[in-house]
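Just coords_35.cif here, mmCIF, C-alpha atoms (C1' of nucleotides):
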```cif
data_my_file
loop_
_atom_site.label_atom_id
_atom_site.label_comp_id
_atom_site.auth_asym_id
_atom_site.auth_seq_id
_atom_site.Cartn_x
_atom_site.Cartn_y
_atom_site.Cartn_z
CA MET A 185 17.52 23.57 27.26
CA SER A 186 14.72 25.60 25.68
CA GLU A 187 15.46 29.21 24.79
CA ILE A 188 12.01 30.63 24.30
CA SER A 189 10.30 29.66 27.48
CA PHE A 190 8.90 31.13 30.62
CA SER A 191 11.33 32.79 32.93
CA ARG A 192 12.07 30.79 36.04
CA SER A 193 9.98 33.11 38.17
CA SER A 194 7.02 32.64 35.82
CA VAL A 195 7.18 28.88 36.17
CA SER A 196 7.29 29.29 39.93
CA GLU A 197 4.20 31.45 39.78
CA TYR A 198 2.33 28.90 37.69
CA LEU A 199 3.24 26.11 40.08
CA ALA A 200 2.22 28.23 43.05
CA GLU A 201 -1.11 29.06 41.42
CA ILE A 202 -1.78 25.39 40.69
CA TYR A 203 -0.94 24.45 44.25
CA GLU A 204 -3.22 27.09 45.72
CA ARG A 205 -6.12 26.04 43.54
CA MET A 206 -5.73 22.35 44.35
CA LEU A 207 -5.40 23.03 48.06
CA LYS A 208 -8.47 25.23 48.08
CA ALA A 209 -10.58 22.75 46.11
CA LEU A 210 -9.39 19.50 47.68
CA GLY A 211 -8.00 20.40 51.11
CA PRO A 212 -4.83 19.05 52.75
CA GLN A 213 -4.22 15.40 51.86
CA GLY A 214 -2.03 14.40 54.78
CA TRP A 215 0.04 11.81 52.98
CA TRP A 216 1.57 9.20 53.11
CA PRO A 217 -1.21 6.88 54.33
CA GLY A 218 1.13 4.62 56.35
CA ASP A 219 2.26 4.39 59.96
CA THR A 220 5.99 3.72 59.71
CA PRO A 221 8.75 4.48 57.21
CA PHE A 222 9.05 0.81 56.30
CA GLU A 223 5.32 0.51 55.73
CA VAL A 224 5.61 3.48 53.39
CA CYS A 225 8.37 1.71 51.45
CA VAL A 226 6.28 -1.43 51.15
CA GLY A 227 3.30 0.60 50.03
CA ALA A 228 5.43 2.37 47.43
CA VAL A 229 6.25 -0.96 45.79
CA LEU A 230 2.77 -2.44 46.14
CA THR A 231 1.01 0.57 44.63
CA GLN A 232 2.89 0.31 41.32
CA ASN A 233 0.17 0.66 38.69
CA THR A 234 -2.37 -0.39 41.28
CA ASN A 235 -5.33 1.13 43.09
CA TRP A 236 -4.49 2.12 46.66
CA THR A 237 -7.51 0.31 48.13
CA ASN A 238 -6.02 -2.97 46.89
CA VAL A 239 -2.71 -2.08 48.48
CA GLU A 240 -4.41 -1.47 51.82
CA LYS A 241 -5.73 -5.03 51.84
CA ALA A 242 -2.27 -6.40 51.13
CA ILE A 243 -0.65 -4.29 53.85
CA ALA A 244 -3.33 -5.36 56.31
CA GLY A 245 -2.40 -8.97 55.58
CA LEU A 246 1.25 -8.24 56.26
CA ARG A 247 0.43 -6.38 59.47
CA GLU A 248 -1.72 -9.23 60.81
CA ARG A 249 1.28 -11.49 60.50
CA ASP A 250 3.76 -8.97 61.94
CA LEU A 251 5.59 -8.79 58.66
CA LEU A 252 5.98 -5.02 58.43
CA GLU A 253 9.69 -5.09 59.15
CA PRO A 254 12.59 -5.68 56.77
CA ARG A 255 13.97 -8.87 58.29
CA ALA A 256 10.58 -10.57 58.49
CA ILE A 257 9.83 -10.11 54.81
CA PHE A 258 13.36 -10.97 53.81
CA GLU A 259 13.25 -14.29 55.67
CA LEU A 260 9.82 -15.36 54.44
CA PRO A 261 9.79 -17.49 51.25
CA ARG A 262 8.81 -15.49 48.20
CA GLU A 263 5.75 -17.66 47.52
CA MET A 264 4.41 -16.94 51.00
CA VAL A 265 4.83 -13.20 50.56
CA ALA A 266 3.11 -13.49 47.18
CA ALA A 267 0.10 -15.25 48.70
CA ILE A 268 -0.27 -12.60 51.40
CA ILE A 269 -0.02 -9.59 49.07
CA ARG A 270 -2.29 -11.18 46.47
CA PRO A 271 -4.96 -8.43 46.62
CA ALA A 272 -2.40 -5.88 45.42
CA GLY A 273 -2.15 -7.58 42.01
CA TYR A 274 1.06 -8.52 40.18
CA TYR A 275 1.74 -10.44 43.36
CA ASN A 276 4.58 -12.55 42.01
CA VAL A 277 6.64 -9.67 40.67
CA LYS A 278 5.87 -7.56 43.71
CA ALA A 279 6.94 -10.34 46.08
CA SER A 280 10.25 -10.47 44.22
CA ARG A 281 10.57 -6.69 44.41
CA LEU A 282 9.91 -6.65 48.15
CA ARG A 283 12.53 -9.34 48.53
CA ASN A 284 15.01 -7.35 46.45
CA PHE A 285 14.42 -4.24 48.51
CA THR A 286 14.65 -5.99 51.89
CA ALA A 287 17.78 -7.85 50.75
CA PHE A 288 19.25 -4.47 49.81
CA LEU A 289 18.37 -3.13 53.27
CA MET A 290 19.83 -6.14 55.05
CA GLU A 291 23.03 -6.26 53.07
CA LYS A 292 23.85 -2.56 52.88
CA PHE A 293 22.34 -1.23 56.09
CA GLY A 294 21.88 -4.17 58.45
CA GLY A 295 18.13 -3.86 57.96
CA SER A 296 18.08 -0.34 59.35
CA LEU A 297 16.09 2.31 57.51
CA ASP A 298 17.64 4.94 59.78
CA ALA A 299 21.04 3.92 58.48
CA MET A 300 19.81 4.05 54.90
CA PHE A 301 18.30 7.49 55.41
CA SER A 302 21.56 8.85 56.80
CA LEU A 303 22.87 8.97 53.22
CA ALA A 304 22.75 12.04 51.01
CA MET A 305 19.65 12.21 48.83
CA GLU A 306 21.07 11.79 45.33
CA GLU A 307 23.51 9.12 46.43
CA LEU A 308 20.71 7.10 47.99
CA ARG A 309 18.48 7.70 44.97
CA SER A 310 21.10 6.17 42.68
CA MET A 311 21.43 3.16 44.95
CA LEU A 312 17.66 2.63 45.11
CA LEU A 313 17.42 2.77 41.32
CA GLU A 314 19.87 -0.11 41.11
CA VAL A 315 17.48 -2.36 43.03
CA ASN A 316 15.52 -4.44 40.56
CA GLY A 317 11.88 -3.39 40.85
CA ILE A 318 12.52 0.13 42.09
CA GLY A 319 12.14 2.74 39.36
CA PRO A 320 12.12 6.53 39.57
CA GLU A 321 8.66 6.98 41.08
CA THR A 322 9.10 4.29 43.71
CA ALA A 323 12.55 5.63 44.62
CA ASP A 324 11.28 9.19 44.96
CA SER A 325 8.28 8.04 47.00
CA ILE A 326 10.59 6.24 49.40
CA LEU A 327 12.89 9.26 49.61
CA LEU A 328 10.12 11.80 50.16
CA TYR A 329 7.44 9.97 52.08
CA ALA A 330 9.54 7.55 54.12
CA GLY A 331 12.79 9.50 54.39
CA GLY A 332 11.61 13.09 54.39
CA TYR A 333 14.03 14.13 51.64
CA PRO A 334 13.05 16.95 49.26
CA SER A 335 12.68 14.64 46.25
CA PHE A 336 9.66 15.46 44.09
CA VAL A 337 7.56 12.47 43.03
CA VAL A 338 6.28 12.34 39.46
CA ASP A 339 3.55 9.87 38.53
CA ALA A 340 1.09 9.18 35.75
CA TYR A 341 -1.33 11.78 37.10
CA THR A 342 1.37 14.43 37.28
CA MET A 343 2.32 13.78 33.66
CA ARG A 344 -1.27 13.71 32.44
CA ILE A 345 -2.27 16.88 34.26
CA LEU A 346 0.77 18.86 33.14
CA LYS A 347 0.44 17.70 29.55
CA ARG A 348 -3.30 18.28 29.29
CA HIS A 349 -2.79 21.81 30.49
CA ASP A 350 0.16 22.29 28.13
CA LEU A 351 2.50 23.05 30.99
CA VAL A 352 5.16 20.69 29.60
CA PHE A 353 5.85 19.24 26.17
CA GLU A 354 4.08 16.02 25.26
CA GLU A 355 7.49 14.32 25.00
CA ALA A 356 8.66 15.36 28.46
CA GLY A 357 10.08 12.50 30.50
CA TYR A 358 10.26 11.70 34.19
CA ASP A 359 13.49 13.48 35.06
CA GLU A 360 12.58 16.63 33.14
CA VAL A 361 9.33 17.01 35.02
CA ARG A 362 10.94 16.20 38.35
CA SER A 363 13.56 18.88 37.67
CA LEU A 364 10.90 21.39 36.70
CA PHE A 365 9.32 21.11 40.14
CA MET A 366 12.56 20.86 42.05
CA ASP A 367 14.16 23.85 40.30
CA SER A 368 11.09 26.05 40.59
CA LEU A 369 9.70 25.33 44.04
CA PRO A 370 11.24 25.98 47.45
CA GLU A 371 13.25 22.94 48.51
CA ASP A 372 10.73 21.88 51.13
CA PRO A 373 9.78 18.24 51.71
CA VAL A 374 6.51 19.25 53.38
CA LEU A 375 5.55 21.22 50.28
CA PHE A 376 6.64 18.41 47.91
CA ASN A 377 4.65 15.94 50.01
CA GLU A 378 1.43 17.91 49.80
CA TYR A 379 1.94 18.96 46.20
CA HIS A 380 2.25 15.43 44.86
CA ALA A 381 -0.62 14.19 47.00
CA LEU A 382 -2.82 16.99 45.67
CA LEU A 383 -1.92 16.11 42.07
CA VAL A 384 -3.02 12.53 42.71
CA ALA A 385 -6.25 13.70 44.33
CA LEU A 386 -6.91 16.03 41.42
CA GLY A 387 -6.16 13.27 38.93
CA ARG A 388 -8.50 10.81 40.62
CA ASN A 389 -11.33 13.31 40.53
CA TYR A 390 -10.79 15.22 37.31
CA CYS A 391 -8.09 13.75 35.11
CA ARG A 392 -8.69 10.06 34.38
CA ARG A 393 -7.10 8.26 31.44
CA SER A 394 -10.20 8.05 29.28
CA ARG A 395 -11.52 11.44 30.05
CA PRO A 396 -15.05 11.65 31.46
CA LEU A 397 -13.85 15.17 30.78
CA CYS A 398 -12.42 17.57 33.30
CA ARG A 399 -15.78 19.07 34.24
CA GLY A 400 -15.28 21.51 37.04
CA CYS A 401 -11.55 20.94 37.27
CA PRO A 402 -9.99 23.45 39.67
CA LEU A 403 -7.24 24.04 37.12
CA ASP A 404 -9.59 25.23 34.38
CA GLY A 405 -8.11 28.25 32.67
CA ILE A 406 -4.48 27.51 33.46
"C1'" DT B 205 -19.04 -5.42 31.03
"C1'" DG B 206 -14.77 -3.42 30.08
"C1'" DC B 207 -11.77 -0.13 31.68
"C1'" DC B 208 -8.91 1.58 35.08
"C1'" DA B 209 -5.49 2.01 38.99
"C1'" DG B 210 0.02 6.49 42.76
"C1'" DG B 211 5.20 1.20 37.44
"C1'" DC B 212 8.87 -1.46 36.10
"C1'" DC B 213 11.46 -4.88 33.60
"C1'" DG B 214 13.36 -7.41 29.64
"C1'" DG B 215 13.64 -8.26 24.91
"C1'" DG B 216 13.34 -6.45 20.41
"C1'" DT B 217 14.09 -2.73 17.04
"C1'" DA C 140 17.53 5.37 22.95
"C1'" DC C 141 12.85 4.16 22.54
"C1'" DC C 142 8.82 0.75 22.14
"C1'" DC C 143 6.03 -2.91 23.62
"C1'" DG C 144 4.09 -6.98 26.01
"C1'" DG C 145 3.70 -8.96 30.41
"C1'" DC C 146 2.44 -8.81 35.06
"C1'" DA C 147 -3.18 -9.40 38.14
"C1'" DT C 148 -6.49 -7.95 41.53
"C1'" DG C 149 -10.79 -5.48 42.88
"C1'" DG C 150 -14.15 -1.46 42.11
"C1'" DC C 151 -17.26 1.03 39.44
#
```
So that I can check it, write out the structure of this file as structure tokens.
Amino acid sequence: MSEISFSRSSVSEYLAEIYERMLKALGPQGWWPGDTPFEVCVGAVLTQNTNWTNVEKAIAGLRERDLLEPRAIFELPREMVAAIIRPAGYYNVKASRLRNFTAFLMEKFGGSLDAMFSLAMEELRSMLLEVNGIGPETADSILLYAGGYPSFVVDAYTMRILKRHDLVFEEAGYDEVRSLFMDSLPEDPVLFNEYHALLVALGRNYCRRSRPLCRGCPLDGI
DNA sequence: TGCCAGGCCGGGT
DNA sequence: ACCCGGCATGGC
């Protein structure tokens, strides 16, 4: 709880300004790039610390074999899943994580995502975080992009962008930043969807780890 | 060529 | 409660 800080309305105005600038510069992103809620969940796990183009190859391999459903992945031996998702990198750990998630779905919800998404947001979030291999970003991605819940997704780009522009303290953690967005923006999953996607697009183009510098960044001056 | 990508876990302090 | 090494492929 920081005393000397922006008023809540001021934070909201900053976030609105950032959103408008990103939207104007980059256009609507239309996320998530996936056809079904389950495919979105799979993509959320596969994209952990991994380029999306690699994930697409892995998902294509699963689709070819009709494996984009919970039961199919759950019943396939882990080594087989690993071989198929190889292009996504970390294929052994990710095969285990997909197995953990599908086992969770089978055991708690009879393999039904609809059943899972009938739960209240924070209750489901807690349950997802107990699955080994699902951390905060993956959980929030599943909630927002597969389930349509108003759960803001924070990722490495979000952190880097906010910190480089001194919008949060260098020490700020995941939950603090998530709360900043969720307490200051309208509780609208469509807005959260586009906002996070725009932050990723901005990061890819202007805010890499080793900075080729933010030349022409739409957020200059914020 | 080396660095990077839409994290997370487990063991050590 | 942090901090760090490990996990791995493909693109520029």
Worksheet item: Between CA of Met206 (chain A) and CA of Val352 (chain A), what is the spacing in Å?
Response: 18.4 Å
Worksheet entry | Residues of chain C within 8 Å of chain A, all atoms listed in the file counted, as a PyMOL selection string | chain C and resi 146-149
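Interface residues of chain B facing chain A, defined by any atom at most 12 Å away and using only C-alpha atoms (C1' of nucleotides), are DC207, DC208, DA209, DG210, DG211, DC212, DC213 and DG214 of chain B.
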Item to complete: Find the residues around region 293-304 of chain A up to 8 Å (all atoms listed in the file counted), leave out those fewer than 3 positions away in its own chain, and share them as a PyMOL selection string.
Response: chain A and resi 221-222+254-255+286+288-290+307-308+331
Worksheet item: Selected by the PyMOL selection byres ((chain C and resi 142) around 10) in the shown coordinates: which residues, as a ChimeraX atom specification?
Response: /B:216-217 /C:140-141,143-144
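Across the model, the gap from CA of Glu223 (chain A) to CA of Glu248 (chain A) is 13.0 Å.
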